[in-house]
Amino acid sequence: MSVPESNSTFNPGRVLVTGGASGLGAAIVARVLDAGGTPVVLDRDISTVSGVKALEVDVADREAVTGAVQQAADTLGGLDAVVTAAGIDRCGRLEDVAAGEWEKVLAVNLTGTVSTVRAALPYLKTSHGRVVTIASTLGIRAVADATAYCASKFAVVGFSHALAAEMAGEVGVTTMIPGGMETKFFDDRDEKYKPQDNSRLNNPARVADAILFALSQPRGCEVRQMLICHEEEGSWP
């Protein structure tokens with residue numbers, strides 16, 4: 001029996017993280033730095049980012065995000081990985097959520113993911129790099145008052161699976177499916193849509209660890225999908 005390859009010296013390299021200024025994105029950036037990599041942040045508010053390159057951009061703006069990805073790749077001399085952590089939500093019954101707000105969720109969560117990946121593919125093909133898309137447990141299980149978020153995250157799962165098939169042997173694709181995390185993601189919601197018990201939210205650093213695990217796999221081995229959540233997660237199974 002052959003000895004498995006060690007990843008003890010793994011360096012994630014040049015990693016672009018959308019939504020990297022806060023929450024899960026910031027945890028990923030910190031983990032990439034810890035592992036000796038070079039992260040670059042794309043976010044609509046980069047005022048809190050320090051110590052790493054950051055570009056201010058709304059991922060819902062396809063032309064802007066394309067330019068930002070190209071600028072990041074040119075600055076770093078390429079890309080080894082992209083993690084699409086930018087995401088928003090607008091809770092409420094379909095009839096109560098304004099159409100523009102509903103569509104904005106899809107524009108950020110789905111179209112922003114697609115635009116980022118599309119712009120990064122030429123660089124990732126060169127490096128035989130990897131994409132990690134961030135879905136959600138609400139991308140595999142639907143709940144009421146979350147039509148926009150569920151639609152966007154179900155779509156991210158489908159997009160990611162199709163992309164993995166399309167890019168097989170050229171670019172790795174992992175679909176990360178996290179449960180609720182203890183971040184500011186819930187802060188702007190009406191009280192009834194906020195978690196009532198934060199003790200059942202996962203630490204985003206644990207999800208970041210899982211993402212680094214996926215990125216650390218040797219060439220020829222891919223983590224295609226991973227679900228990670230608090231042991232008492234309410235939205236799974």
# chains A, B, ... in the order shown; residues from 1 in each chain; ligands from 1
call {"tool": "select_by_dssp", "arguments": {"residues": "region 46-223 of chain A", "states": "strand (DSSP E or B)", "output": "JSON, numbers by chain"}}
result
{"A": [53, 54, 55, 56, 81, 82, 83, 84, 92, 130, 131, 132, 133, 134, 146, 172, 173, 174, 175, 176, 177, 178, 181, 202]}
call {"tool": "atom_distance", "arguments": {"atom1": "CA of Gly234 (chain A)", "atom2": "CA of Gly180 (chain A)"}}
result
8.6 Å
call {"tool": "atom_distance", "arguments": {"atom1": "CA of Gly220 (chain A)", "atom2": "CA of Ala168 (chain A)"}}
result
9.8 Å
call {"tool": "residues_around", "arguments": {"residues": "region 173-175 of chain A", "least_positions_apart": "6", "cutoff": "6 Å", "atoms": "only C-alpha atoms", "output": "list of chain:residue names"}}
result
A:Arg130, A:Val131, A:Val132, A:Thr133, A:Ala164, A:Val223, A:Arg224, A:Gln225
call {"tool": "write_last_selection", "arguments": {"atoms": "N, CA and C atoms", "output": "PDB file, in the first residue's frame"}}
result
ATOM      1  N   ARG A 130      -8.314  26.009  -8.198  1.00  0.00           N
ATOM      2  CA  ARG A 130      -9.581  25.503  -7.663  1.00  0.00           C
ATOM      3  C   ARG A 130     -10.560  26.643  -7.391  1.00  0.00           C
ATOM      4  N   VAL A 131     -11.834  26.292  -7.494  1.00  0.00           N
ATOM      5  CA  VAL A 131     -12.947  27.167  -7.136  1.00  0.00           C
ATOM      6  C   VAL A 131     -13.665  26.542  -5.957  1.00  0.00           C
ATOM      7  N   VAL A 132     -13.970  27.349  -4.950  1.00  0.00           N
ATOM      8  CA  VAL A 132     -14.854  26.909  -3.865  1.00  0.00           C
ATOM      9  C   VAL A 132     -16.041  27.861  -3.852  1.00  0.00           C
ATOM     10  N   THR A 133     -17.212  27.333  -4.168  1.00  0.00           N
ATOM     11  CA  THR A 133     -18.424  28.140  -4.100  1.00  0.00           C
ATOM     12  C   THR A 133     -19.094  27.912  -2.750  1.00  0.00           C
ATOM     13  N   ALA A 164     -18.203  21.718 -12.171  1.00  0.00           N
ATOM     14  CA  ALA A 164     -17.248  20.658 -11.838  1.00  0.00           C
ATOM     15  C   ALA A 164     -17.145  19.643 -12.969  1.00  0.00           C
ATOM     16  N   VAL A 223     -12.314  17.404  -3.475  1.00  0.00           N
ATOM     17  CA  VAL A 223     -13.475  17.381  -2.588  1.00  0.00           C
ATOM     18  C   VAL A 223     -14.586  18.077  -3.358  1.00  0.00           C
ATOM     19  N   ARG A 224     -15.537  17.332  -3.856  1.00  0.00           N
ATOM     20  CA  ARG A 224     -16.557  17.900  -4.722  1.00  0.00           C
ATOM     21  C   ARG A 224     -17.637  18.648  -3.940  1.00  0.00           C
ATOM     22  N   GLN A 225     -17.961  18.153  -2.751  1.00  0.00           N
ATOM     23  CA  GLN A 225     -18.998  18.813  -1.951  1.00  0.00           C
ATOM     24  C   GLN A 225     -18.777  18.480  -0.483  1.00  0.00           C
TER      25      GLN A 225
END
call {"tool": "select_by_dssp", "arguments": {"residues": "region 128-190 of chain A", "states": "helix (DSSP H, G or I)", "output": "list in words"}}
result
Thr137, Leu138, Gly139, Thr147, Ala148, Tyr149, Cys150, Ala151, Ser152, Lys153, Phe154, Ala155, Val156, Val157, Gly158, Phe159, Ser160, His161, Ala162, Leu163, Ala164, Ala165, Glu166, Lys184, Phe185 and Phe186 of chain A
call {"tool": "write_last_selection", "arguments": {"atoms": "N, CA and C atoms", "output": "PDB file, in the first residue's frame"}}
result
ATOM      1  N   THR A 137     -27.080  25.291   3.625  1.00  0.00           N
ATOM      2  CA  THR A 137     -28.041  24.222   3.879  1.00  0.00           C
ATOM      3  C   THR A 137     -29.403  24.583   3.286  1.00  0.00           C
ATOM      4  N   LEU A 138     -29.657  25.891   3.094  1.00  0.00           N
ATOM      5  CA  LEU A 138     -30.889  26.304   2.416  1.00  0.00           C
ATOM      6  C   LEU A 138     -30.733  26.264   0.901  1.00  0.00           C
ATOM      7  N   GLY A 139     -29.677  25.644   0.434  1.00  0.00           N
ATOM      8  CA  GLY A 139     -29.526  25.319  -0.972  1.00  0.00           C
ATOM      9  C   GLY A 139     -29.871  23.877  -1.244  1.00  0.00           C
ATOM     10  N   THR A 147     -37.640  32.680  -0.139  1.00  0.00           N
ATOM     11  CA  THR A 147     -37.670  32.272  -1.545  1.00  0.00           C
ATOM     12  C   THR A 147     -36.457  32.780  -2.316  1.00  0.00           C
ATOM     13  N   ALA A 148     -36.047  34.010  -2.067  1.00  0.00           N
ATOM     14  CA  ALA A 148     -34.903  34.560  -2.800  1.00  0.00           C
ATOM     15  C   ALA A 148     -33.616  33.832  -2.429  1.00  0.00           C
ATOM     16  N   TYR A 149     -33.383  33.676  -1.133  1.00  0.00           N
ATOM     17  CA  TYR A 149     -32.146  33.043  -0.685  1.00  0.00           C
ATOM     18  C   TYR A 149     -32.089  31.585  -1.131  1.00  0.00           C
ATOM     19  N   CYS A 150     -33.191  30.864  -0.945  1.00  0.00           N
ATOM     20  CA  CYS A 150     -33.215  29.462  -1.362  1.00  0.00           C
ATOM     21  C   CYS A 150     -33.025  29.333  -2.869  1.00  0.00           C
ATOM     22  N   ALA A 151     -33.704  30.186  -3.631  1.00  0.00           N
ATOM     23  CA  ALA A 151     -33.549  30.128  -5.083  1.00  0.00           C
ATOM     24  C   ALA A 151     -32.094  30.354  -5.478  1.00  0.00           C
ATOM     25  N   SER A 152     -31.441  31.324  -4.843  1.00  0.00           N
ATOM     26  CA  SER A 152     -30.056  31.629  -5.194  1.00  0.00           C
ATOM     27  C   SER A 152     -29.116  30.504  -4.797  1.00  0.00           C
ATOM     28  N   LYS A 153     -29.318  29.934  -3.623  1.00  0.00           N
ATOM     29  CA  LYS A 153     -28.383  28.908  -3.149  1.00  0.00           C
ATOM     30  C   LYS A 153     -28.629  27.546  -3.788  1.00  0.00           C
ATOM     31  N   PHE A 154     -29.895  27.205  -4.075  1.00  0.00           N
ATOM     32  CA  PHE A 154     -30.145  26.003  -4.878  1.00  0.00           C
ATOM     33  C   PHE A 154     -29.439  26.153  -6.226  1.00  0.00           C
ATOM     34  N   ALA A 155     -29.507  27.357  -6.802  1.00  0.00           N
ATOM     35  CA  ALA A 155     -28.877  27.606  -8.094  1.00  0.00           C
ATOM     36  C   ALA A 155     -27.355  27.524  -8.005  1.00  0.00           C
ATOM     37  N   VAL A 156     -26.775  28.003  -6.916  1.00  0.00           N
ATOM     38  CA  VAL A 156     -25.325  27.892  -6.737  1.00  0.00           C
ATOM     39  C   VAL A 156     -24.906  26.428  -6.715  1.00  0.00           C
ATOM     40  N   VAL A 157     -25.695  25.591  -6.042  1.00  0.00           N
ATOM     41  CA  VAL A 157     -25.379  24.152  -6.017  1.00  0.00           C
ATOM     42  C   VAL A 157     -25.406  23.582  -7.428  1.00  0.00           C
ATOM     43  N   GLY A 158     -26.466  23.881  -8.182  1.00  0.00           N
ATOM     44  CA  GLY A 158     -26.563  23.365  -9.547  1.00  0.00           C
ATOM     45  C   GLY A 158     -25.455  23.878 -10.443  1.00  0.00           C
ATOM     46  N   PHE A 159     -25.176  25.171 -10.345  1.00  0.00           N
ATOM     47  CA  PHE A 159     -24.091  25.757 -11.124  1.00  0.00           C
ATOM     48  C   PHE A 159     -22.762  25.083 -10.805  1.00  0.00           C
ATOM     49  N   SER A 160     -22.502  24.880  -9.526  1.00  0.00           N
ATOM     50  CA  SER A 160     -21.221  24.319  -9.098  1.00  0.00           C
ATOM     51  C   SER A 160     -21.050  22.887  -9.580  1.00  0.00           C
ATOM     52  N   HIS A 161     -22.105  22.093  -9.487  1.00  0.00           N
ATOM     53  CA  HIS A 161     -22.017  20.709  -9.945  1.00  0.00           C
ATOM     54  C   HIS A 161     -21.766  20.648 -11.448  1.00  0.00           C
ATOM     55  N   ALA A 162     -22.478  21.495 -12.207  1.00  0.00           N
ATOM     56  CA  ALA A 162     -22.283  21.516 -13.655  1.00  0.00           C
ATOM     57  C   ALA A 162     -20.876  22.009 -14.009  1.00  0.00           C
ATOM     58  N   LEU A 163     -20.402  23.020 -13.273  1.00  0.00           N
ATOM     59  CA  LEU A 163     -19.059  23.545 -13.522  1.00  0.00           C
ATOM     60  C   LEU A 163     -17.999  22.487 -13.234  1.00  0.00           C
ATOM     61  N   ALA A 164     -18.203  21.718 -12.171  1.00  0.00           N
ATOM     62  CA  ALA A 164     -17.248  20.658 -11.838  1.00  0.00           C
ATOM     63  C   ALA A 164     -17.145  19.643 -12.969  1.00  0.00           C
ATOM     64  N   ALA A 165     -18.290  19.293 -13.548  1.00  0.00           N
ATOM     65  CA  ALA A 165     -18.280  18.362 -14.677  1.00  0.00           C
ATOM     66  C   ALA A 165     -17.591  18.977 -15.890  1.00  0.00           C
ATOM     67  N   GLU A 166     -17.856  20.251 -16.120  1.00  0.00           N
ATOM     68  CA  GLU A 166     -17.300  20.962 -17.272  1.00  0.00           C
ATOM     69  C   GLU A 166     -15.799  21.148 -17.162  1.00  0.00           C
ATOM     70  N   LYS A 184     -22.180  38.603  11.249  1.00  0.00           N
ATOM     71  CA  LYS A 184     -23.112  39.722  11.195  1.00  0.00           C
ATOM     72  C   LYS A 184     -24.158  39.554  10.090  1.00  0.00           C
ATOM     73  N   PHE A 185     -24.184  38.383   9.468  1.00  0.00           N
ATOM     74  CA  PHE A 185     -25.111  38.125   8.365  1.00  0.00           C
ATOM     75  C   PHE A 185     -26.564  38.357   8.769  1.00  0.00           C
ATOM     76  N   PHE A 186     -26.876  38.099  10.028  1.00  0.00           N
ATOM     77  CA  PHE A 186     -28.263  38.193  10.496  1.00  0.00           C
ATOM     78  C   PHE A 186     -28.621  39.564  11.060  1.00  0.00           C
TER      79      PHE A 186
END
call {"tool": "residues_around", "arguments": {"residues": "region 227-233 of chain A", "least_positions_apart": "6", "cutoff": "8 Å", "atoms": "only C-alpha atoms", "output": "PyMOL selection string"}}
result
chain A and resi 137+176-181+200-202+207+210
call {"tool": "closest_residue", "arguments": {"among": "A:Asp80, A:Asp209, A:Glu95, A:Glu182", "to": "Leu121 (chain A)", "atoms": "only C-alpha atoms"}}
result
A:Asp80
call {"tool": "atom_distance", "arguments": {"atom1": "CA of Thr126 (chain A)", "atom2": "CA of Gly78 (chain A)"}}
result
8.2 Å
call {"tool": "closest_residue", "arguments": {"among": "A:Arg206, A:Lys104, A:Arg219, A:Arg44", "to": "Ile28 (chain A)", "atoms": "only C-alpha atoms"}}
result
A:Arg206
call {"tool": "closest_residue", "arguments": {"among": "A:Ser50, A:Thr84, A:Asn11, A:Gln70", "to": "Leu24 (chain A)", "atoms": "only C-alpha atoms"}}
result
A:Thr84
call {"tool": "closest_residue", "arguments": {"among": "A:Cys221, A:Ala60, A:Ala208, A:Leu94", "to": "Gly25 (chain A)", "atoms": "only C-alpha atoms"}}
result
A:Ala208
call {"tool": "residues_around", "arguments": {"residues": "region 32-41 of chain A", "least_positions_apart": "6", "cutoff": "9 Å", "atoms": "only C-alpha atoms", "output": "list in words"}}
result
Thr9, Phe10, Asn11, Pro12, Gly13, Arg14, Val15, Leu16, Val17, Thr18, Gly19, Gly20, Ala21, Gly25, Ala26, Val49, Val52, Lys53, Ala54, Leu55, Glu56, Ala72, Leu76, Ala208 and Leu212 of chain A
call {"tool": "residues_around", "arguments": {"residues": "Val57 (chain A)", "least_positions_apart": "6", "cutoff": "7 Å", "atoms": "only C-alpha atoms", "output": "number ranges by chain"}}
result
A: 42-44, 64-65
call {"tool": "write_last_selection", "arguments": {"atoms": "all heavy atoms", "output": "tab-separated table (two decimals), in the first residue's frame"}}
result
chain	number	residue	atom	x	y	z
A	42	LEU	N	-12.23	40.91	-2.45
A	42	LEU	CA	-13.19	41.69	-3.22
A	42	LEU	C	-14.41	41.88	-2.35
A	42	LEU	O	-15.01	40.90	-1.88
A	42	LEU	CB	-13.60	40.97	-4.51
A	42	LEU	CG	-12.80	41.28	-5.78
A	42	LEU	CD1	-11.33	40.95	-5.60
A	42	LEU	CD2	-13.39	40.53	-6.97
A	43	ASP	N	-14.78	43.13	-2.10
A	43	ASP	CA	-15.93	43.40	-1.24
A	43	ASP	C	-16.44	44.80	-1.53
A	43	ASP	O	-15.69	45.66	-1.99
A	43	ASP	CB	-15.52	43.30	0.25
A	43	ASP	CG	-16.69	42.95	1.15
A	43	ASP	OD1	-17.67	43.72	1.18
A	43	ASP	OD2	-16.63	41.91	1.83
A	44	ARG	N	-17.71	45.03	-1.26
A	44	ARG	CA	-18.27	46.36	-1.51
A	44	ARG	C	-17.89	47.36	-0.42
A	44	ARG	O	-18.04	48.57	-0.61
A	44	ARG	CB	-19.79	46.29	-1.65
A	44	ARG	CG	-20.52	45.78	-0.42
A	44	ARG	CD	-22.00	45.72	-0.67
A	44	ARG	NE	-22.73	45.20	0.48
A	44	ARG	CZ	-24.05	45.11	0.56
A	44	ARG	NH1	-24.79	45.52	-0.46
A	44	ARG	NH2	-24.63	44.61	1.62
A	64	ALA	N	-17.78	45.35	-13.38
A	64	ALA	CA	-16.88	45.77	-12.31
A	64	ALA	C	-16.14	44.58	-11.70
A	64	ALA	O	-14.93	44.66	-11.44
A	64	ALA	CB	-17.66	46.52	-11.23
A	65	VAL	N	-16.85	43.49	-11.48
A	65	VAL	CA	-16.19	42.34	-10.87
A	65	VAL	C	-15.21	41.70	-11.84
A	65	VAL	O	-14.15	41.21	-11.43
A	65	VAL	CB	-17.22	41.32	-10.34
A	65	VAL	CG1	-17.79	40.45	-11.45
A	65	VAL	CG2	-16.61	40.42	-9.27
call {"tool": "decode", "arguments": {"residues": "region 97-204 of chain A", "atoms": "C-alpha atoms", "output": "CSV table (one decimal), in the first residue's frame"}}
result
chain,number,residue,atom,x,y,z
A,97,VAL,CA,-40.3,41.4,-0.5
A,98,ALA,CA,-40.0,44.1,-3.2
A,99,ALA,CA,-39.1,42.7,-6.6
A,100,GLY,CA,-35.9,44.7,-6.8
A,101,GLU,CA,-34.7,43.5,-3.4
A,102,TRP,CA,-35.6,39.9,-4.3
A,103,GLU,CA,-33.6,40.1,-7.5
A,104,LYS,CA,-30.7,41.7,-5.8
A,105,VAL,CA,-30.2,38.5,-3.8
A,106,LEU,CA,-29.9,36.5,-7.0
A,107,ALA,CA,-27.6,39.1,-8.4
A,108,VAL,CA,-25.2,38.9,-5.5
A,109,ASN,CA,-25.4,35.2,-4.6
A,110,LEU,CA,-25.8,33.6,-8.0
A,111,THR,CA,-24.7,36.0,-10.7
A,112,GLY,CA,-21.9,37.4,-8.5
A,113,THR,CA,-20.6,33.9,-8.1
A,114,VAL,CA,-20.8,33.1,-11.8
A,115,SER,CA,-19.2,36.5,-12.9
A,116,THR,CA,-16.3,36.0,-10.4
A,117,VAL,CA,-15.7,32.4,-11.6
A,118,ARG,CA,-16.0,33.3,-15.3
A,119,ALA,CA,-13.4,36.1,-14.9
A,120,ALA,CA,-11.1,33.9,-12.9
A,121,LEU,CA,-11.2,30.8,-15.1
A,122,PRO,CA,-8.4,31.7,-17.5
A,123,TYR,CA,-6.0,32.2,-14.6
A,124,LEU,CA,-7.2,29.0,-12.8
A,125,LYS,CA,-6.7,26.9,-15.9
A,126,THR,CA,-3.1,28.1,-16.1
A,127,SER,CA,-2.4,27.2,-12.5
A,128,HIS,CA,-4.7,24.1,-12.5
A,129,GLY,CA,-6.4,25.9,-9.6
A,130,ARG,CA,-9.6,25.5,-7.7
A,131,VAL,CA,-12.9,27.2,-7.1
A,132,VAL,CA,-14.9,26.9,-3.9
A,133,THR,CA,-18.4,28.1,-4.1
A,134,ILE,CA,-20.4,28.9,-0.9
A,135,ALA,CA,-23.9,27.5,-1.0
A,136,SER,CA,-26.0,26.9,2.1
A,137,THR,CA,-28.0,24.2,3.9
A,138,LEU,CA,-30.9,26.3,2.4
A,139,GLY,CA,-29.5,25.3,-1.0
A,140,ILE,CA,-30.6,21.7,-0.4
A,141,ARG,CA,-33.6,22.3,2.0
A,142,ALA,CA,-36.2,25.0,1.5
A,143,VAL,CA,-38.0,27.0,4.2
A,144,ALA,CA,-40.8,29.6,4.1
A,145,ASP,CA,-40.0,33.3,3.9
A,146,ALA,CA,-36.7,32.6,2.1
A,147,THR,CA,-37.7,32.3,-1.5
A,148,ALA,CA,-34.9,34.6,-2.8
A,149,TYR,CA,-32.1,33.0,-0.7
A,150,CYS,CA,-33.2,29.5,-1.4
A,151,ALA,CA,-33.5,30.1,-5.1
A,152,SER,CA,-30.1,31.6,-5.2
A,153,LYS,CA,-28.4,28.9,-3.1
A,154,PHE,CA,-30.1,26.0,-4.9
A,155,ALA,CA,-28.9,27.6,-8.1
A,156,VAL,CA,-25.3,27.9,-6.7
A,157,VAL,CA,-25.4,24.2,-6.0
A,158,GLY,CA,-26.6,23.4,-9.5
A,159,PHE,CA,-24.1,25.8,-11.1
A,160,SER,CA,-21.2,24.3,-9.1
A,161,HIS,CA,-22.0,20.7,-9.9
A,162,ALA,CA,-22.3,21.5,-13.7
A,163,LEU,CA,-19.1,23.5,-13.5
A,164,ALA,CA,-17.2,20.7,-11.8
A,165,ALA,CA,-18.3,18.4,-14.7
A,166,GLU,CA,-17.3,21.0,-17.3
A,167,MET,CA,-13.9,21.7,-15.7
A,168,ALA,CA,-12.9,18.1,-14.8
A,169,GLY,CA,-9.2,17.7,-15.2
A,170,GLU,CA,-8.6,21.5,-15.7
A,171,VAL,CA,-10.0,23.3,-12.6
A,172,GLY,CA,-11.1,21.8,-9.3
A,173,VAL,CA,-14.6,22.8,-8.1
A,174,THR,CA,-15.9,22.3,-4.5
A,175,THR,CA,-19.4,23.2,-3.3
A,176,MET,CA,-19.2,24.2,0.3
A,177,ILE,CA,-22.6,23.9,2.1
A,178,PRO,CA,-22.4,25.6,5.5
A,179,GLY,CA,-25.1,25.8,8.1
A,180,GLY,CA,-25.8,29.0,10.1
A,181,MET,CA,-22.7,30.8,11.3
A,182,GLU,CA,-22.0,33.3,14.0
A,183,THR,CA,-21.4,36.4,11.9
A,184,LYS,CA,-23.1,39.7,11.2
A,185,PHE,CA,-25.1,38.1,8.4
A,186,PHE,CA,-28.3,38.2,10.5
A,187,ASP,CA,-27.9,41.7,11.9
A,188,ASP,CA,-30.1,43.6,9.5
A,189,ARG,CA,-33.0,41.2,9.6
A,190,ASP,CA,-36.3,41.8,11.4
A,191,GLU,CA,-36.1,40.3,14.8
A,192,LYS,CA,-38.4,37.3,13.9
A,193,TYR,CA,-35.8,36.2,11.3
A,194,LYS,CA,-32.8,36.3,13.6
A,195,PRO,CA,-31.5,33.2,15.3
A,196,GLN,CA,-32.9,33.0,18.8
A,197,ASP,CA,-30.0,30.9,20.1
A,198,ASN,CA,-26.6,31.8,18.9
A,199,SER,CA,-25.1,28.8,20.6
A,200,ARG,CA,-26.4,26.7,17.7
A,201,LEU,CA,-24.4,28.7,15.1
A,202,ASN,CA,-21.1,27.4,13.9
A,203,ASN,CA,-17.9,29.3,14.2
A,204,PRO,CA,-16.9,30.6,10.7
